[in-house]
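Q: First, the structure itself, so that you have it in front of you.
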Amino acid sequence: MSRLIVTLIDYLRTRPMMLRGVCITLLGLIVLYDFMAVRHGDHFVGDRIRGFWALFGFIGCVGMTKFMKGLGYAFLMQPLDFYTSKERGED
């Protein structure tokens, strides 16, 4: 099973445009489904707008990813010579 996953990841890594196309197609299908879904009642302003929740989820996901990446760079990243400077006794 793990060999299958590794093979799949290698296959997708060599074809990034295909992977991007698959992801964009899935996003399009989600928005299309949102336009065709039956609405039973409005509980929130966004419930009246077609495609709102798909767009909200996409923007939230991208925003969260960018925010966490910024936090990682601000607090977790070390300089490129971090380990070599420690070996030489520099602080």
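We name chains A, B, ... following the order of the structure tokens; residues begin at 1 in each chain, and ligands are numbered from 1 as shown.
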If you count only C-alpha atoms, which residues fall within 12 Å of Ile30 of chain A, apart from same-chain ones fewer than 3 positions away, as a list in words?
A: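 Surrounding residues, per the criterion: Cys23, Ile24, Thr25, Leu26, Leu27, Tyr33, Asp34, Phe35, Met36, Ala37, Arg50, Gly51, Phe52, Trp53, Ala54, Leu55, Gly57 and Phe58 of chain A.
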Q: Per DSSP on the backbone, filter chain A down to the residues in helix (DSSP H, G or I) and report them as a VMD selection string.
A: chain A and resid 2 to 13 16 to 36 45 to 48 52 to 75 82 to 87
Q: One decimal, in Å: what's the spacing between atom CA of Val22 of chain A and atom CA of Asp10 of chain A?
A: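 Distance between the two atoms: 16.1 Å.
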